[in-house]
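These notes are about the structure you will find just below.
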Amino acid sequence: MSKRIYFFMSIVLVFAILFSLAGCAGGTKTPDSSNPPTSPTTGTSSAAPTGDTGSSKHYAEEIDILSDGNVAAVIDPFVVGGSGNGPASAWALIMTHDRLIQSVPPEADVDFKPGLAVEWSTDDYIHFHFKLREGVTFHNGEPFSADDVIWTYEYAKTRTACPALNNVWTYVGAINKINDYEIEIVTKDEIVNPDLFVSLSGPYGVIANEKAITEDPDKGHYIGTGPFMLTEFVSQNYWTLERYDNFWGEPAITRKLNWRYIPEVANRATMLLNGEAQLCMAIGVEDMELFEDNPDFTIFTRILNNCNPIAFNMTKPITSDYNFRMAVLHAIDKEEFAIAYKGKYCEPAIDMYGFWARYASYRNTDIERIDYDLEKAKEYLAKSSYNGEVIEIAAATVGMQNAVPVLQQQLEAIGVKTEIKLLEMAATPEYIANNKSEIFLITAPMNFMPSNIRNWFLPDAPSNSAHYNNPKVTELIKQATVEPDDAKREALWKEVQQIIAEERPYEHLVWFMETIVGAKGMGGFEWCEDCYYNMRYIYYEID
Amino acid sequence: MGRYVIKRILAIIPVVILVSFIVYTLIDLAPGDIVDTMLNQATDITTEELEKLRSYYDLDKPMIYRYGKYMLNLLRGDLGISYTSNEPVWDTFLYRLPNTLKLSLLGLVIGVAVAIPLGINSAKRAGGISDNLTTVFVVIGISMPVFWLALLLLQWFSLKLGWLPAGGMNHGIRSYILPAICSSLMLMASATRQTRSSMLEVLRADYLRTARAKGVPEKVVINKHAFKNALIPIITVVGTALSFSLAGSVAIEQVFSWPGVGRMAVEAVSMRDTPTVLGTVILTSTFYVLIQILVDIAYGFVDPRIKSRYVSKKRKKPGNKMPIPEKT
């Protein structure tokens, strides 16, 4: 026995030493391209392909998807508070539920695609007319009609701060049934709302079924009319979508989608390399080199609506000083900042708008850019009231820790002393509300569409991180919101943008780029205007 | 013995009250709350809705009121509803607990299976090469952070060799190998060290010399007489290690994306999901205390002297406090 123990112990020790040495060795190994990832869940499908895929090709019956840290704790548009609904919940809802109209990529020729409504129109942005699709059934077999739209609206109103209410139905005052397949939506307080179509097309604009939810309050909200049914869901763990064969539109190509929540970014990358999944959301920038020159994988990137604006605290004497803000903005080299932040996987912002705001309504194209110019920065600083005090920069963004020191150095170059305060995401709103820092670096969707401007520039708006309060802007926003004449409304919104641009309480630093990696053969994504993915026709082409 | 166990079980109550109060206070003191996390996700939320939400979650009331309400519900066995998943905390915990249990027990089995023979052998050959090698192994095992070992294992066996899955528990027994090795490492190292030192102490005892003089085979001397007498400190180490791993192998579960109790607690903290954090802490601290009670009971089975001390002291001095066995 002793000899065996001795032998075993020696093996363990030698192994431990070798293993530690191997682990300490630097460098990464490029995966063997002769061993492409395979899935134990793949099979052939005779489903009709869509888009540019050929009918002779074979597609996997199942796809395993690794979801990122945006965990789905619930998949419920009506949950009170809705904190558990992360982006992943929205992806699932896009697959399982339909909206009256569907959003499309911002660069598309049309504004929206038909959903449960086949026709839609408005003359005054107060009364919206919808002709509904006939012959649609919910996953529980119930037929869809105008009553479902009305019931969804009424139900959402009973749920405090649920995503469906906040993002969609809060803007609606009444829904009038014309007949079983025609409705008229009237805006809340009969206020002009050019954004209502956008709200209705968002991921939480789902139409639910009364019978499903009243019969099973816990799981009835899974029932929709979309091309996939949610068949399994374990909070913060995994969920499974299966094709709904009675879907009103073109059937999905893939029969089953298995989503797994893997919080660790390195695990996700490794699992994808090992063939444990065919698609992985949000691969970390540091892991991208494993896939960049690898023929077995396809990288999908897209600039997101989310940006990193810098917000100047307008209640602090120094940051309310226009010259100081201009000095800071001219001192920032956005390109250098972007590289420090996410390397080539983010874009330095070139204007105060979000990337996709180029497609936004009423955009003021006369707004001047603020470019990196150290001389100008120093000139503005000399004119400002800055006396060498330390400026606190609170960075609320995950992953900002590498980029904020770069910003600090850039400001130091013009003589502005700064101190960095890195914040946990949950602590950020309270920190901002308590008015502690002079400058905040935040992550948020900021695109300067009218509804977006309201969220950021009205004094009592919860997203108003700059504590911005200009009575003239407030008044203009209120006027523009209710102005029925389109030309006048456009002029008002442009004036708002002009004032904001001159004051610059916010400026975009970088535009995020989403990185998704799929095994070779993956395709069928559609990117929606609201940054979410439409994966209804996702496929994995196999030999 | 029965009275002693009951007393120890009742002692869980103040532990739960104290732990829950400390945790509740810490969560309350941390900046941000559940409504703030919602605000991070929904920029469209209005101030009015935010106020409604704060009222819905009683965040507009003093902490002591919320804590009192929580404890009253706890008396009825209600651990509350998770703010994020909207599911009862008890149900979520019960769903996650088996995953943590499997990992902990497997780690325990591996750890004990390696540590005890290694420790015995080391004691038998004290000062020899194998003893020195074991000491090196023990030092590495105790010093190496678990998350670092986990990352090394992942890099080697998942990324470079591709033999084992990198995370989750979707691949049957293969999913368990790497997390279980990590889970067992600390136990392996500390139990090896403890076995060695206990055995060294026992091996010098007179009764073993007597046994050898009587011609008892060396195997029997070591495995039966010596080892049994060295067991008490080993049980203490093993019990403590099991308690720790059950209390949530947070790092292991996080690195290996293991859907256990530890990961549940971590996610709940970042979401400011107070009922889930509290529920997890209360239940795991209860488990911790229960395991310690089991360890104490196990002393009695291993060493009849301890058992007889319980009984004899109880008979002689019925009014006296129950003796608590010494832990080494």
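Starting from 1 in every chain, residues are counted up; chains themselves are A, B, ... following the order of the structure tokens, and ligands are numbered from 1 as listed.
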Legend entry - Test item: chain B residues at most 8 Å from chain A, counting only C-alpha atoms, as a count of residues only: 52
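Residues in contact with A:Phe144 at 10 Å, where only C-alpha atoms are counted and same-chain residues fewer than 6 positions away are skipped, are listed as A:Leu116, A:Leu132, A:Arg133, A:Glu134, A:Gly135, A:Val136, A:Thr137, A:Phe138, A:Asp180, A:Tyr181, A:Ile207, A:Ala208, A:Asn209, A:Gly224, A:Thr225.
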Keeping only C-alpha atoms, write the selected residues as a PDB file, in the first residue's frame.
```pdb
ATOM      1  CA  LEU A 116     -50.203  41.612 -35.816  1.00  0.00           C
ATOM      2  CA  LEU A 132     -55.300  43.635 -37.529  1.00  0.00           C
ATOM      3  CA  ARG A 133     -54.202  40.349 -39.044  1.00  0.00           C
ATOM      4  CA  GLU A 134     -56.806  37.617 -39.270  1.00  0.00           C
ATOM      5  CA  GLY A 135     -56.223  33.894 -38.804  1.00  0.00           C
ATOM      6  CA  VAL A 136     -53.590  34.263 -36.097  1.00  0.00           C
ATOM      7  CA  THR A 137     -53.598  31.913 -33.119  1.00  0.00           C
ATOM      8  CA  PHE A 138     -51.776  32.074 -29.827  1.00  0.00           C
ATOM      9  CA  ASP A 180     -62.825  42.341 -34.298  1.00  0.00           C
ATOM     10  CA  TYR A 181     -59.912  43.242 -36.554  1.00  0.00           C
ATOM     11  CA  ILE A 207     -49.775  41.301 -27.323  1.00  0.00           C
ATOM     12  CA  ALA A 208     -50.750  38.739 -24.709  1.00  0.00           C
ATOM     13  CA  ASN A 209     -53.697  36.428 -24.334  1.00  0.00           C
ATOM     14  CA  GLY A 224     -47.670  34.648 -27.560  1.00  0.00           C
ATOM     15  CA  THR A 225     -48.250  34.406 -31.270  1.00  0.00           C
TER      16      THR A 225
END
```
Legend entry - Filtered DSSP result for stretch 64-150 of chain B, state alpha helix (DSSP H), as number ranges by chain: B: 64-75, 89-124, 129-143, 146-150
Inset, instruction - Would you return as a count of residues only the members of stretch 141-282 of chain A that DSSP assigns to strand (DSSP E or B) on this structure's backbone? - result: 36
Inset, instruction - Extract, using only C-alpha atoms, all DNA, RNA and protein residues at most 10 Å from stretch 103-105 of chain B, discarding same-chain residues fewer than 5 positions from it, and format them as a list in words. - result: Leu97, Pro98, Ile110, Gly111, Tyr176, Ile177, Pro179, Ala180, Ile181, Cys182, Ser183, Ser184, Ala241, Leu242, Ser243, Phe244, Ser245, Leu246, Ala247, Gly248, Ser249, Ile252, Glu253, Trp258 and Gly260 of chain B
Inset, instruction - Have a look at A:Ala360, A:Ile253, A:Ala340, A:Val406 and name the one nearest to A:Glu61; count only C-alpha atoms. - result: A:Ile253
Inset, instruction - Tell me which protein, DNA and RNA residues are within 9 Å of A:Arg369, counting only C-alpha atoms, leaving out same-chain ones fewer than 3 positions away, and put them as a VMD selection string. - result: chain A and resid 350 to 352
Write to file, as a PDB file, in the first residue's frame, the residues of the selection just made, with C-alpha atoms.
```pdb
ATOM      1  CA  ILE A 350     -18.062  61.865 -33.895  1.00  0.00           C
ATOM      2  CA  ASP A 351     -20.955  63.972 -32.675  1.00  0.00           C
ATOM      3  CA  MET A 352     -23.235  64.501 -29.733  1.00  0.00           C
TER       4      MET A 352
END
```
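Residue nearest A:Ser67, chosen from A:Ser121, A:Asn258, A:Asn434, A:Asn308 and counting only C-alpha atoms: A:Asn258.
Relative to atom CA of A:Val510, atom CA of A:Pro309 is found at 7.4 Å.
The list of residues with at least one atom within 10 Å of A:Ala382, based on only C-alpha atoms and without residues fewer than 6 positions apart in the same chain, reads A:Asn323, A:Phe324, A:Ala327, A:Lys376, A:Ile414.
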Inset, instruction - Quick one: everything within 12 Å of B:Ile9, counting only C-alpha atoms, minus sequence neighbours fewer than 2 positions away in the same chain. Send it as a list in words. - result: Gly2, Arg3, Tyr4, Val5, Ile6, Lys7, Ala11, Ile12, Ile13, Pro14, Val15, Val16, Thr286, Phe287, Tyr288, Val289, Leu290, Ile291, Gln292, Ile293 and Leu294 of chain B
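With atom CA of B:Ile140 on one side and atom CA of B:Met188 on the other, the separation reads 10.9 Å.
Residues with any atom within 8 Å of B:Ala115, counting only C-alpha atoms and excluding same-chain neighbours fewer than 3 positions away, are Gly111, Val112, Leu118, Gly119, Leu187, Met188, Ala189, Ala191, Thr192 and Thr195 of chain B.
Among the candidates A:Met95, A:Trp259, A:Asn179, A:Arg325, the one nearest to A:Tyr222 when counting only C-alpha atoms is A:Met95.
A straight line drawn from atom CA of A:Glu154 to atom CA of A:Ile477 is 28.6 Å long.
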